[in-house]
Amino acid sequence: MAYKAISDYGLIGDMHSAALVGLDGSIDWACMPRFDSPSIFGAILDEHKGGHFQIAPVEPYESTQRYLPNTNILETTFITPTGRVTLTDFMATSPTRSADHAPHEIHRIVACEEGTVALKSVFQPRFDYARASTHLEILPLGVLASNGGETLALSTNIPMTDNGGAAESQFTLEGGEDTTFVASYGRATPMAVGYGRSAHRLEHTKEMWERIVQELDYKGMWRDEVVRSFLVLHLLMYAPTGAIVAAPTTSLPENIGGERNWDYRYCWLRDSAFTLNVLFLVGDLHDARHFLNWLISMSAEHVKSGEVQVLYGITADSDVEEVTLDHLEGYKGSQPVRIGNGAVNQLQLDIFGEVILSISTYMRYGGYISSEIWSIVHDFAETTCRTWHLPDRSIWEVRGHERHFTYSKAMCWAALDKAIEIGTATGHKSNLARWRRVANEIKAEVLTRGWSETKQAFVQSYDSDVMDASSLILTWTGLLPPDDPRIQSTIARTVEELGNGPFVHRYKVDEADDGLQGEEGALTMLSFWLIGGLMTSGQIRKAKDLFEEMLGYANHLGLLSEMIDPVTKEALGNFPQAFSHIGLIHTARNLSWALSQAKD
């Protein structure tokens with residue numbers, strides 16, 4: 001089977017793991033039982049070896065996809081010359097979304113809506129990123145795939161045959177008929193399907209997603225897009241711990257055929273902070289507090305030793321060591337395929353500011369600053385005082401040499417500024433004067449060495465003339481007011497050098513030493529940062545136009561990738577990306593408010 005466009009997929013999940021389902025009815029990516037588990041279906045990274053699970057008509061067809069309203073239940077409709085069939089895909093959820101247990105089941109209900117349609121199913125699991133041998137056993141109730149002690153049982157009443165490493169079948173449905181396939185991870189044998197079991201699971205799962213949407217406190221414009229982004233963020237949550245992965249995939253390339261391929265199935269402190277901020281803003285207090293508890297526990301374990309990591313696995317025992325899977329060809333030949341992420345060992349000083357900013361938002365919305373939360377604020381502020389003067393690799397996790405990144409220094413200032421605010425509000429005042437002295441020192445340095453007279457803009461690193469789009473967020477830190485001429489000049493220069501319509505590149509790869517070869521797409525999140533910059537500049541109508549244009553680059557289901565190719569408009573990078581959907585929610589909320597004020 002040929003590679004599909006990255007945007008040709010929908011995502012289903014159970015808040016433990018997730019799967020990508022193509023418009024052709026093929027599951028080409030699924031890791032079970034957890035996001036960071038080895039893949040069972042991985043055709044998206046190797047069309048020949050990776051493995052897939054497809055249900056589709058035998059004859060030529062046209063297909064569409066949609067989510068059932070206010071859910072993550074995916075419906076693919078196939079129209080053939082002889083009839084119409086609907087394939088409903090979902091992963092059954094546990095009774096409560098915060099439960100440690102989930103069934104680890106993919107349910108696929110095939111229903112013929114009209115006419116008569118001949119269909120085929122191909123069940124081709126490949127354990128351990130297709131490194132392991134997969135044994136298939138055809139049984140009366142379905143198929144058992146196994147590799148040692150690891151099993152995946154396919155339950156179905158459709159007879160299957162072993163066709164050289166894949167279990168296959170052909171069957172016909174007439175109008176009003178349906179059949180069910182259930183892939184269960186960890187089961188020792190297939191089970192009988194029918195008696196409404198999948199229908200019951202479907203109803204239960206539907207109700208759970210609908211309850212989550214009911215918690216969303218959002219009445220602004222673009223509500224449908226905000227709801228979908230909100231549901232995407234929940235698909236990326238690991239319910240047992242509250243961690244949120246950056247994306248459910250690994251090694252989808254930032255440039256087709258290039259080496260910029262990373263594993264995003266982990267939780268970054270930076271992404272955590274932005275996510276936490278958005279959850280509180282839209283009223284999802286349950287998941288925000290669960291997430292904050294995870295953040296506290298993971299940070300507290302390392303901060304006192306001075307070994308704060310920039311990213312963590314979804315549990316304390318997650319393996320994040322970066323290795324390459326050289327036996328896989330990568331998406332459309334994009335190598336290497338990586339699992340794990342070497343950025344775990346980097347120094348990125350901006351994370352202290354982003355975490356403390358999120359805690360400040362928590363406090364502003366009525367959150368109680370417990371002794372545990374204050375301990376994190378205090379320890380992060382103290383670590384900032386000790387380390388802010390060091391070079392680092394900053395928000396883009398460059399693999400070139402460390403340097404004094406302007407964004408990192410500005411976030412160090414924000415860490416201390418907000419820590420002082422929190423300390424003042426909570427009566428923890430013993431270190432505030434010293435923190436203010438250091439904050440003033442950082443600010444003075446940023447305003448001199450981070451500013452380029454040549455470019456008339458804040459630049460990527462001290463004493464350079466390399467533009468970097470991370471400067472778009474400087475005004476949000478409070479370092480300078482939005483109407484400061486230096487902020488306005490930086491926005492204009494960023495658009496001039498790094499912008500392309502609504503798209504924004506992080507930097508010019510031929511000017512910035514990031515330690516990698518090749519080009520990359522425009523980062524989706526940066527488009528939202530640019531729109532935010534336009535709003536703070538009073539360019540509300542232009543911001544609205546750009547925002548609505550960006551909404552058009554989501555896929556047919558409203559899912560956003562990490563990057564977009566400004567020329568081909570092709571989705572690039574891991575998919576769907578939490579950072580992109582965080583940007584959408586935040587921007588929709590701020591822009592709705594700005595437009596309402598402009599009408600008054």
# chains A, B, ... in the order shown; residues from 1 in each chain; ligands from 1
$ residues_around --residues "range 280-297 of chain A" --least-positions-apart "3" --cutoff "9 Å" --atoms "only C-alpha atoms" --output "number ranges by chain"
A: 98, 212, 215-218, 234, 237, 239, 241-244, 269, 272-273, 275-277, 300-301, 355, 359, 361-362, 365, 372-373, 376, 585-586, 589
$ write_last_selection --atoms "C-alpha atoms" --output "short mmCIF file (atom, residue, chain, number, x, y, z; two decimals), in the first residue's frame"
data_model
loop_
_atom_site.label_atom_id
_atom_site.label_comp_id
_atom_site.auth_asym_id
_atom_site.auth_seq_id
_atom_site.Cartn_x
_atom_site.Cartn_y
_atom_site.Cartn_z
CA SER A 98 -8.80 9.19 35.06
CA ILE A 212 -15.70 16.13 28.65
CA GLU A 215 -16.85 20.93 30.86
CA LEU A 216 -15.56 23.31 28.18
CA ASP A 217 -16.31 26.90 29.16
CA TYR A 218 -16.14 28.63 25.80
CA HIS A 234 -7.74 14.93 25.59
CA MET A 237 -3.65 12.77 27.70
CA ALA A 239 -5.11 9.24 32.05
CA THR A 241 -0.71 10.11 35.39
CA GLY A 242 -2.16 13.23 33.75
CA ALA A 243 0.79 13.62 31.38
CA ILE A 244 0.07 14.97 27.88
CA LEU A 269 7.58 20.79 30.52
CA SER A 272 2.83 21.10 29.73
CA ALA A 273 2.91 24.70 30.83
CA THR A 275 -1.43 23.16 27.95
CA LEU A 276 -2.09 23.80 31.62
CA ASN A 277 -2.64 27.47 30.86
CA ALA A 300 9.93 17.82 42.42
CA GLU A 301 11.79 14.58 41.89
CA VAL A 355 6.13 26.52 34.12
CA ILE A 359 1.21 28.41 37.81
CA THR A 361 -2.43 31.56 35.53
CA TYR A 362 -3.60 28.83 37.91
CA TYR A 365 -8.11 31.73 38.17
CA GLU A 372 4.03 21.68 47.10
CA ILE A 373 3.26 24.19 44.36
CA ILE A 376 8.22 24.20 42.70
CA ILE A 585 -7.70 27.48 21.31
CA HIS A 586 -5.70 30.31 22.83
CA ARG A 589 -10.33 32.87 22.72
#
$ closest_atom_pairs --of "range 364-450 of chain A" --to "range 505-528 of chain A" --cutoff "10 Å" --atoms "only C-alpha atoms" --output "Markdown table"
| residue | atom | partner | partner_atom | distance |
| --- | --- | --- | --- | --- |
| A:Arg393 | CA | A:Asp514 | CA | 9.1 |
| A:Trp396 | CA | A:Arg506 | CA | 8.2 |
| A:Glu397 | CA | A:Asp514 | CA | 8.3 |
| A:Val398 | CA | A:Asp514 | CA | 4.6 |
| A:Arg399 | CA | A:Gly515 | CA | 4.6 |
| A:Gly400 | CA | A:Gly515 | CA | 3.8 |
| A:His401 | CA | A:Asp513 | CA | 7.5 |
| A:Glu402 | CA | A:Asp514 | CA | 9.4 |
$ closest_residue --among "A:Arg386, A:Asn70, A:Leu347, A:Asp178" --to "Val213 in chain A" --atoms "only C-alpha atoms"
A:Asn70
$ select_by_dssp --residues "range 291-503 of chain A" --states "helix (DSSP H, G or I)" --output "PyMOL selection string"
chain A and resi 291-303+331-333+342-345+350-364+371-387+406-426+432-449+469-477+485-498
$ residues_around --residues "range 553-562 of chain A" --least-positions-apart "6" --cutoff "8 Å" --atoms "only C-alpha atoms" --output "PyMOL selection string"
chain A and resi 7-8+10+65-67+225+228-229+232+523-525+569+571-577+579-581
$ write_last_selection --atoms "C-alpha atoms" --output "mmCIF file, in the first residue's frame"
data_model
loop_
_atom_site.group_PDB
_atom_site.id
_atom_site.type_symbol
_atom_site.label_atom_id
_atom_site.label_comp_id
_atom_site.auth_asym_id
_atom_site.auth_seq_id
_atom_site.Cartn_x
_atom_site.Cartn_y
_atom_site.Cartn_z
ATOM 1 C CA SER A 7 -3.379 14.969 6.572
ATOM 2 C CA ASP A 8 -5.366 11.954 5.305
ATOM 3 C CA GLY A 10 -8.058 10.764 11.727
ATOM 4 C CA GLN A 65 -14.603 11.073 7.337
ATOM 5 C CA ARG A 66 -16.187 12.852 10.251
ATOM 6 C CA TYR A 67 -16.242 12.628 14.025
ATOM 7 C CA GLU A 225 -12.856 24.390 15.958
ATOM 8 C CA ARG A 228 -12.251 19.744 18.195
ATOM 9 C CA SER A 229 -8.922 21.062 19.469
ATOM 10 C CA VAL A 232 -7.554 16.428 20.479
ATOM 11 C CA LEU A 523 5.720 25.740 12.348
ATOM 12 C CA THR A 524 1.945 25.821 12.761
ATOM 13 C CA MET A 525 2.139 27.220 16.293
ATOM 14 C CA LYS A 569 0.409 23.333 1.757
ATOM 15 C CA ALA A 571 1.074 18.757 6.387
ATOM 16 C CA LEU A 572 4.492 17.959 7.842
ATOM 17 C CA GLY A 573 5.827 16.683 11.148
ATOM 18 C CA ASN A 574 4.163 14.689 13.873
ATOM 19 C CA PHE A 575 0.386 14.594 13.762
ATOM 20 C CA PRO A 576 -1.790 15.814 15.301
ATOM 21 C CA GLN A 577 0.315 18.199 17.345
ATOM 22 C CA PHE A 579 1.193 22.663 20.442
ATOM 23 C CA SER A 580 -0.759 23.532 17.286
ATOM 24 C CA HIS A 581 -4.135 22.889 18.912
#
$ residues_around --residues "range 53-62 of chain A" --least-positions-apart "2" --cutoff "10 Å" --atoms "only C-alpha atoms" --output "compact mmCIF listing (two decimals) with all heavy atoms, in the first residue's frame"
# COMPACT_ATOMS: atom_id res chain seq x y z
N VAL A 21 -6.20 6.49 11.63
CA VAL A 21 -7.07 5.78 10.69
C VAL A 21 -7.16 6.60 9.41
O VAL A 21 -7.59 7.75 9.44
CB VAL A 21 -8.48 5.58 11.27
CG1 VAL A 21 -9.32 4.73 10.32
CG2 VAL A 21 -8.42 4.94 12.66
N GLY A 22 -6.76 6.01 8.29
CA GLY A 22 -6.75 6.72 7.03
C GLY A 22 -8.12 6.79 6.38
O GLY A 22 -9.05 6.05 6.72
N LEU A 23 -8.21 7.66 5.38
CA LEU A 23 -9.43 7.77 4.59
C LEU A 23 -9.73 6.49 3.83
O LEU A 23 -10.85 6.30 3.35
CB LEU A 23 -9.31 8.94 3.61
CG LEU A 23 -9.67 10.32 4.15
CD1 LEU A 23 -9.10 11.42 3.25
CD2 LEU A 23 -11.18 10.48 4.27
N ASP A 24 -8.74 5.61 3.72
CA ASP A 24 -8.95 4.32 3.07
C ASP A 24 -9.30 3.21 4.06
O ASP A 24 -9.27 2.04 3.73
CB ASP A 24 -7.71 3.92 2.27
CG ASP A 24 -6.47 3.77 3.13
OD1 ASP A 24 -6.53 4.14 4.33
OD2 ASP A 24 -5.44 3.29 2.62
N GLY A 25 -9.63 3.60 5.30
CA GLY A 25 -10.03 2.62 6.29
C GLY A 25 -8.89 1.83 6.88
O GLY A 25 -9.11 0.79 7.52
N SER A 26 -7.67 2.28 6.70
CA SER A 26 -6.50 1.55 7.18
C SER A 26 -5.93 2.20 8.44
O SER A 26 -5.66 3.40 8.45
CB SER A 26 -5.42 1.49 6.10
OG SER A 26 -4.31 0.73 6.55
N ILE A 27 -5.76 1.39 9.48
CA ILE A 27 -5.04 1.83 10.67
C ILE A 27 -3.56 1.61 10.40
O ILE A 27 -3.08 0.48 10.35
CB ILE A 27 -5.49 1.05 11.92
CG1 ILE A 27 -6.97 1.32 12.21
CG2 ILE A 27 -4.63 1.43 13.13
CD1 ILE A 27 -7.52 0.52 13.37
N ASP A 28 -2.83 2.70 10.20
CA ASP A 28 -1.42 2.64 9.82
C ASP A 28 -0.47 2.99 10.96
O ASP A 28 0.75 2.96 10.78
CB ASP A 28 -1.16 3.59 8.64
CG ASP A 28 -1.83 3.12 7.36
OD1 ASP A 28 -2.25 1.96 7.30
OD2 ASP A 28 -1.95 3.94 6.42
N TRP A 29 -1.03 3.36 12.11
CA TRP A 29 -0.18 3.64 13.27
C TRP A 29 -0.99 3.37 14.53
O TRP A 29 -2.08 3.91 14.71
CB TRP A 29 0.31 5.09 13.29
CG TRP A 29 1.19 5.41 14.47
CD1 TRP A 29 0.85 6.16 15.56
CD2 TRP A 29 2.53 4.99 14.68
NE1 TRP A 29 1.90 6.23 16.44
CE2 TRP A 29 2.95 5.51 15.93
CE3 TRP A 29 3.42 4.20 13.95
CZ2 TRP A 29 4.23 5.28 16.45
CZ3 TRP A 29 4.69 3.98 14.46
CH2 TRP A 29 5.08 4.51 15.70
N ALA A 30 -0.46 2.52 15.38
CA ALA A 30 -1.07 2.27 16.68
C ALA A 30 -0.01 1.68 17.59
O ALA A 30 0.71 0.73 17.22
CB ALA A 30 -2.25 1.31 16.57
N ILE A 40 2.34 -1.49 16.97
CA ILE A 40 1.78 -2.77 16.48
C ILE A 40 1.41 -2.62 15.01
O ILE A 40 1.60 -3.54 14.22
CB ILE A 40 0.55 -3.16 17.32
CG1 ILE A 40 0.97 -3.48 18.75
CG2 ILE A 40 -0.17 -4.36 16.70
CD1 ILE A 40 -0.18 -3.78 19.67
N PHE A 41 0.89 -1.47 14.65
CA PHE A 41 0.67 -1.12 13.24
C PHE A 41 1.54 0.10 12.96
O PHE A 41 1.42 1.13 13.63
CB PHE A 41 -0.80 -0.80 12.98
CG PHE A 41 -1.74 -1.93 13.31
CD1 PHE A 41 -2.67 -1.80 14.33
CD2 PHE A 41 -1.68 -3.13 12.62
CE1 PHE A 41 -3.54 -2.83 14.65
CE2 PHE A 41 -2.54 -4.18 12.93
CZ PHE A 41 -3.46 -4.04 13.95
N GLY A 42 2.41 0.00 11.97
CA GLY A 42 3.37 1.08 11.71
C GLY A 42 3.60 1.37 10.24
O GLY A 42 4.67 1.84 9.86
N ALA A 43 2.59 1.10 9.39
CA ALA A 43 2.77 1.30 7.95
C ALA A 43 3.08 2.74 7.59
O ALA A 43 3.67 3.00 6.53
CB ALA A 43 1.52 0.83 7.20
N GLY A 51 3.14 -2.82 8.93
CA GLY A 51 1.90 -3.45 9.36
C GLY A 51 0.73 -2.48 9.38
O GLY A 51 0.90 -1.30 9.66
N THR A 64 -15.29 9.67 2.77
CA THR A 64 -15.26 10.87 3.61
C THR A 64 -15.14 10.44 5.06
O THR A 64 -15.42 9.28 5.40
CB THR A 64 -16.55 11.70 3.43
OG1 THR A 64 -17.68 10.89 3.80
CG2 THR A 64 -16.70 12.19 2.01
N THR A 76 -15.99 6.71 8.95
CA THR A 76 -15.54 6.78 7.56
C THR A 76 -16.65 6.21 6.67
O THR A 76 -17.10 5.08 6.89
CB THR A 76 -14.25 5.98 7.35
OG1 THR A 76 -13.26 6.41 8.29
CG2 THR A 76 -13.72 6.16 5.94
N THR A 77 -17.08 6.99 5.69
CA THR A 77 -18.14 6.55 4.79
C THR A 77 -17.56 6.27 3.41
O THR A 77 -16.85 7.11 2.84
CB THR A 77 -19.25 7.61 4.68
OG1 THR A 77 -19.83 7.81 5.97
CG2 THR A 77 -20.33 7.17 3.70
N PHE A 78 -17.82 5.07 2.90
CA PHE A 78 -17.39 4.66 1.57
C PHE A 78 -18.60 4.61 0.64
O PHE A 78 -19.61 3.98 0.96
CB PHE A 78 -16.76 3.27 1.61
CG PHE A 78 -15.55 3.15 2.50
CD1 PHE A 78 -15.67 2.61 3.78
CD2 PHE A 78 -14.30 3.58 2.07
CE1 PHE A 78 -14.57 2.49 4.60
CE2 PHE A 78 -13.19 3.46 2.89
CZ PHE A 78 -13.32 2.91 4.16
N ILE A 79 -18.48 5.25 -0.49
CA ILE A 79 -19.53 5.21 -1.51
C ILE A 79 -18.98 4.49 -2.74
O ILE A 79 -17.96 4.89 -3.30
CB ILE A 79 -20.01 6.62 -1.87
CG1 ILE A 79 -20.59 7.33 -0.64
CG2 ILE A 79 -21.05 6.57 -2.99
CD1 ILE A 79 -21.01 8.76 -0.88
N THR A 80 -19.65 3.42 -3.13
CA THR A 80 -19.25 2.63 -4.28
C THR A 80 -20.37 2.67 -5.32
O THR A 80 -21.47 3.17 -5.04
CB THR A 80 -18.99 1.16 -3.87
OG1 THR A 80 -20.25 0.50 -3.68
CG2 THR A 80 -18.17 1.08 -2.60
N PRO A 81 -20.12 2.14 -6.51
CA PRO A 81 -21.19 2.12 -7.52
C PRO A 81 -22.40 1.29 -7.08
O PRO A 81 -23.50 1.48 -7.63
CB PRO A 81 -20.50 1.47 -8.74
CG PRO A 81 -19.05 1.79 -8.57
CD PRO A 81 -18.81 1.74 -7.09
N THR A 82 -22.23 0.40 -6.09
CA THR A 82 -23.33 -0.49 -5.71
C THR A 82 -23.95 -0.18 -4.35
O THR A 82 -24.94 -0.80 -3.97
CB THR A 82 -22.83 -1.95 -5.68
OG1 THR A 82 -21.77 -2.07 -4.71
CG2 THR A 82 -22.30 -2.37 -7.04
N GLY A 83 -23.35 0.75 -3.59
CA GLY A 83 -23.93 1.01 -2.28
C GLY A 83 -23.07 1.93 -1.42
O GLY A 83 -22.06 2.49 -1.88
N ARG A 84 -23.48 2.05 -0.17
CA ARG A 84 -22.79 2.94 0.78
C ARG A 84 -22.59 2.20 2.10
O ARG A 84 -23.51 1.61 2.66
CB ARG A 84 -23.62 4.21 1.00
CG ARG A 84 -23.02 5.18 2.02
CD ARG A 84 -23.69 6.55 1.89
NE ARG A 84 -25.14 6.45 2.00
CZ ARG A 84 -25.82 6.58 3.15
NH1 ARG A 84 -25.17 6.79 4.29
NH2 ARG A 84 -27.14 6.49 3.16
N VAL A 85 -21.34 2.28 2.62
CA VAL A 85 -20.96 1.61 3.86
C VAL A 85 -20.33 2.61 4.81
O VAL A 85 -19.57 3.49 4.37
CB VAL A 85 -19.97 0.45 3.58
CG1 VAL A 85 -19.30 -0.02 4.86
CG2 VAL A 85 -20.68 -0.71 2.91
N THR A 86 -20.64 2.47 6.10
CA THR A 86 -20.03 3.31 7.12
C THR A 86 -19.18 2.45 8.05
O THR A 86 -19.64 1.42 8.55
CB THR A 86 -21.11 4.05 7.94
OG1 THR A 86 -21.82 4.94 7.07
CG2 THR A 86 -20.47 4.86 9.06
N LEU A 87 -17.95 2.90 8.26
CA LEU A 87 -17.03 2.24 9.19
C LEU A 87 -16.86 3.15 10.40
O LEU A 87 -16.38 4.27 10.28
CB LEU A 87 -15.67 2.01 8.51
CG LEU A 87 -14.52 1.52 9.38
CD1 LEU A 87 -14.81 0.13 9.94
CD2 LEU A 87 -13.22 1.49 8.56
N ARG A 108 -14.23 -1.74 15.47
CA ARG A 108 -14.50 -1.33 14.09
C ARG A 108 -15.84 -1.93 13.68
O ARG A 108 -15.97 -3.14 13.47
CB ARG A 108 -13.38 -1.79 13.16
CG ARG A 108 -11.97 -1.56 13.70
CD ARG A 108 -10.91 -1.59 12.62
NE ARG A 108 -10.95 -0.35 11.83
CZ ARG A 108 -10.20 -0.14 10.75
NH1 ARG A 108 -9.39 -1.09 10.31
NH2 ARG A 108 -10.29 1.01 10.10
N ILE A 109 -16.86 -1.08 13.58
CA ILE A 109 -18.21 -1.51 13.25
C ILE A 109 -18.49 -1.12 11.80
O ILE A 109 -18.43 0.06 11.44
CB ILE A 109 -19.25 -0.87 14.19
CG1 ILE A 109 -18.93 -1.19 15.65
CG2 ILE A 109 -20.65 -1.33 13.82
CD1 ILE A 109 -19.79 -0.42 16.64
N VAL A 110 -18.78 -2.12 10.96
CA VAL A 110 -19.03 -1.89 9.55
C VAL A 110 -20.52 -2.07 9.29
O VAL A 110 -21.07 -3.13 9.57
CB VAL A 110 -18.23 -2.88 8.67
CG1 VAL A 110 -18.22 -2.40 7.22
CG2 VAL A 110 -16.82 -3.07 9.18
N VAL A 117 -22.54 -4.07 -0.83
CA VAL A 117 -21.13 -3.70 -0.97
C VAL A 117 -20.25 -4.89 -0.59
O VAL A 117 -20.42 -5.47 0.49
CB VAL A 117 -20.76 -2.49 -0.09
CG1 VAL A 117 -19.29 -2.12 -0.28
CG2 VAL A 117 -21.64 -1.29 -0.44
N ALA A 118 -19.34 -5.24 -1.48
CA ALA A 118 -18.32 -6.25 -1.18
C ALA A 118 -17.13 -5.57 -0.51
O ALA A 118 -16.65 -4.52 -0.99
CB ALA A 118 -17.88 -6.95 -2.47
N LEU A 119 -16.66 -6.13 0.60
CA LEU A 119 -15.58 -5.53 1.38
C LEU A 119 -14.45 -6.52 1.61
O LEU A 119 -14.63 -7.74 1.47
CB LEU A 119 -16.11 -5.03 2.72
CG LEU A 119 -17.17 -3.93 2.65
CD1 LEU A 119 -18.48 -4.45 3.17
CD2 LEU A 119 -16.73 -2.69 3.40
N LYS A 120 -13.32 -5.97 1.99
CA LYS A 120 -12.17 -6.79 2.34
C LYS A 120 -11.62 -6.30 3.68
O LYS A 120 -11.75 -5.11 4.04
CB LYS A 120 -11.08 -6.69 1.28
CG LYS A 120 -10.51 -5.28 1.13
CD LYS A 120 -9.45 -5.17 0.05
CE LYS A 120 -8.96 -3.72 -0.08
NZ LYS A 120 -7.94 -3.57 -1.14
N SER A 121 -11.01 -7.20 4.42
CA SER A 121 -10.29 -6.81 5.63
C SER A 121 -8.90 -7.44 5.57
O SER A 121 -8.74 -8.59 5.14
CB SER A 121 -11.03 -7.27 6.89
OG SER A 121 -11.05 -8.69 6.96
N VAL A 122 -7.92 -6.65 6.00
CA VAL A 122 -6.53 -7.11 6.05
C VAL A 122 -6.00 -6.78 7.44
O VAL A 122 -5.93 -5.61 7.83
CB VAL A 122 -5.65 -6.43 4.98
CG1 VAL A 122 -4.21 -6.93 5.08
CG2 VAL A 122 -6.21 -6.68 3.59
N PHE A 123 -5.65 -7.83 8.18
CA PHE A 123 -5.17 -7.68 9.56
C PHE A 123 -3.71 -8.12 9.57
O PHE A 123 -3.39 -9.30 9.47
CB PHE A 123 -6.01 -8.55 10.49
CG PHE A 123 -5.62 -8.52 11.94
CD1 PHE A 123 -5.78 -7.36 12.69
CD2 PHE A 123 -5.11 -9.66 12.56
CE1 PHE A 123 -5.43 -7.33 14.03
CE2 PHE A 123 -4.77 -9.64 13.91
CZ PHE A 123 -4.94 -8.48 14.64
N GLN A 124 -2.81 -7.13 9.66
CA GLN A 124 -1.37 -7.40 9.55
C GLN A 124 -0.60 -6.70 10.67
O GLN A 124 0.10 -5.71 10.45
CB GLN A 124 -0.86 -6.92 8.18
CG GLN A 124 0.58 -7.30 7.88
CD GLN A 124 1.11 -6.55 6.66
OE1 GLN A 124 1.03 -5.33 6.58
NE2 GLN A 124 1.64 -7.29 5.70
N PRO A 125 -0.72 -7.17 11.90
CA PRO A 125 0.05 -6.56 12.98
C PRO A 125 1.54 -6.90 12.87
O PRO A 125 1.89 -7.97 12.35
CB PRO A 125 -0.57 -7.17 14.24
CG PRO A 125 -1.16 -8.45 13.79
CD PRO A 125 -1.59 -8.25 12.37
N ALA A 166 -0.47 -12.11 6.85
CA ALA A 166 -1.62 -11.24 7.08
C ALA A 166 -2.88 -12.08 7.07
O ALA A 166 -3.01 -13.00 6.25
CB ALA A 166 -1.70 -10.15 6.01
N ALA A 167 -3.79 -11.80 8.00
CA ALA A 167 -5.08 -12.48 8.01
C ALA A 167 -6.04 -11.64 7.16
O ALA A 167 -6.19 -10.43 7.39
CB ALA A 167 -5.60 -12.62 9.43
N GLU A 168 -6.68 -12.28 6.18
CA GLU A 168 -7.51 -11.55 5.24
C GLU A 168 -8.89 -12.20 5.10
O GLU A 168 -9.07 -13.37 5.41
CB GLU A 168 -6.83 -11.48 3.87
CG GLU A 168 -5.48 -10.78 3.90
CD GLU A 168 -4.85 -10.65 2.52
OE1 GLU A 168 -5.47 -11.13 1.53
OE2 GLU A 168 -3.75 -10.08 2.43
N SER A 169 -9.82 -11.38 4.64
CA SER A 169 -11.16 -11.90 4.37
C SER A 169 -11.84 -11.02 3.33
O SER A 169 -11.46 -9.86 3.14
CB SER A 169 -12.01 -11.93 5.64
OG SER A 169 -12.29 -10.61 6.08
N GLN A 170 -12.82 -11.60 2.65
CA GLN A 170 -13.73 -10.82 1.83
C GLN A 170 -15.15 -11.19 2.23
O GLN A 170 -15.44 -12.37 2.50
CB GLN A 170 -13.51 -11.09 0.34
CG GLN A 170 -12.22 -10.48 -0.19
CD GLN A 170 -12.22 -10.35 -1.71
OE1 GLN A 170 -13.26 -10.47 -2.36
NE2 GLN A 170 -11.05 -10.07 -2.27
N PHE A 171 -16.01 -10.19 2.30
CA PHE A 171 -17.39 -10.43 2.72
C PHE A 171 -18.30 -9.38 2.10
O PHE A 171 -17.82 -8.33 1.64
CB PHE A 171 -17.50 -10.41 4.25
CG PHE A 171 -17.03 -9.12 4.89
CD1 PHE A 171 -17.94 -8.15 5.30
CD2 PHE A 171 -15.68 -8.88 5.11
CE1 PHE A 171 -17.51 -6.96 5.89
CE2 PHE A 171 -15.24 -7.70 5.70
CZ PHE A 171 -16.16 -6.74 6.10
N THR A 172 -19.56 -9.66 2.07
CA THR A 172 -20.53 -8.76 1.45
C THR A 172 -21.60 -8.38 2.48
O THR A 172 -22.09 -9.23 3.22
CB THR A 172 -21.18 -9.42 0.23
OG1 THR A 172 -20.16 -9.73 -0.72
CG2 THR A 172 -22.20 -8.49 -0.41
N PHE A 181 -15.50 -5.90 14.11
CA PHE A 181 -14.15 -6.40 14.35
C PHE A 181 -13.64 -5.71 15.62
O PHE A 181 -13.76 -4.49 15.75
CB PHE A 181 -13.21 -6.06 13.19
CG PHE A 181 -13.57 -6.69 11.88
CD1 PHE A 181 -14.62 -6.20 11.11
CD2 PHE A 181 -12.85 -7.78 11.40
CE1 PHE A 181 -14.95 -6.77 9.89
CE2 PHE A 181 -13.17 -8.36 10.18
CZ PHE A 181 -14.22 -7.85 9.42
N ALA A 183 -10.11 -5.51 17.92
CA ALA A 183 -8.71 -5.86 18.16
C ALA A 183 -8.39 -5.54 19.62
O ALA A 183 -8.45 -4.37 20.03
CB ALA A 183 -7.80 -5.08 17.23
$ residues_around --residues "Val459 in chain A" --least-positions-apart "2" --cutoff "9 Å" --atoms "only C-alpha atoms" --output "PyMOL selection string"
chain A and resi 405-407+450-452+455-457+461-471+490
$ residues_around --residues "Gly423 in chain A" --least-positions-apart "3" --cutoff "12 Å" --atoms "only C-alpha atoms" --output "MDAnalysis selection string"
chainID A and resid 356 359:360 363 369:371 373:378 381 415:420 426:433 435:436
$ select_by_dssp --residues "range 85-203 of chain A" --states "strand (DSSP E or B)" --output "MDAnalysis selection string"
chainID A and resid 85:91 105:124 135:139 142:147 150:156 161:162 167:174 178:185
$ residues_around --residues "Ile491 in chain A" --least-positions-apart "2" --cutoff "8 Å" --atoms "only C-alpha atoms" --output "ChimeraX atom specification"
/A:457,471-472,487-489,493-495,530,533
$ closest_residue --among "A:Gly175, A:Leu231, A:Ala145, A:Ala578" --to "Thr189 in chain A" --atoms "only C-alpha atoms"
A:Ala145
$ closest_residue --among "A:Asn255, A:Thr454, A:Ala439, A:Trp476" --to "Lys332 in chain A" --atoms "only C-alpha atoms"
A:Asn255
$ atom_distance --atom1 "CA of Ala444 in chain A" --atom2 "CA of Gly538 in chain A"
27.0 Å
$ closest_residue --among "A:Pro240, A:Pro103, A:Leu20, A:Val278" --to "Ile44 in chain A" --atoms "only C-alpha atoms"
A:Leu20
$ atom_distance --atom1 "CA of Ile395 in chain A" --atom2 "CA of Ser17 in chain A"
26.3 Å
$ closest_residue --among "A:Ala92, A:Ile138, A:Ala19, A:Arg265" --to "Ser184 in chain A" --atoms "only C-alpha atoms"
A:Ala92
$ closest_residue --among "A:Glu445, A:Asp319, A:Glu421, A:Asp14" --to "His204 in chain A" --atoms "only C-alpha atoms"
A:Asp14
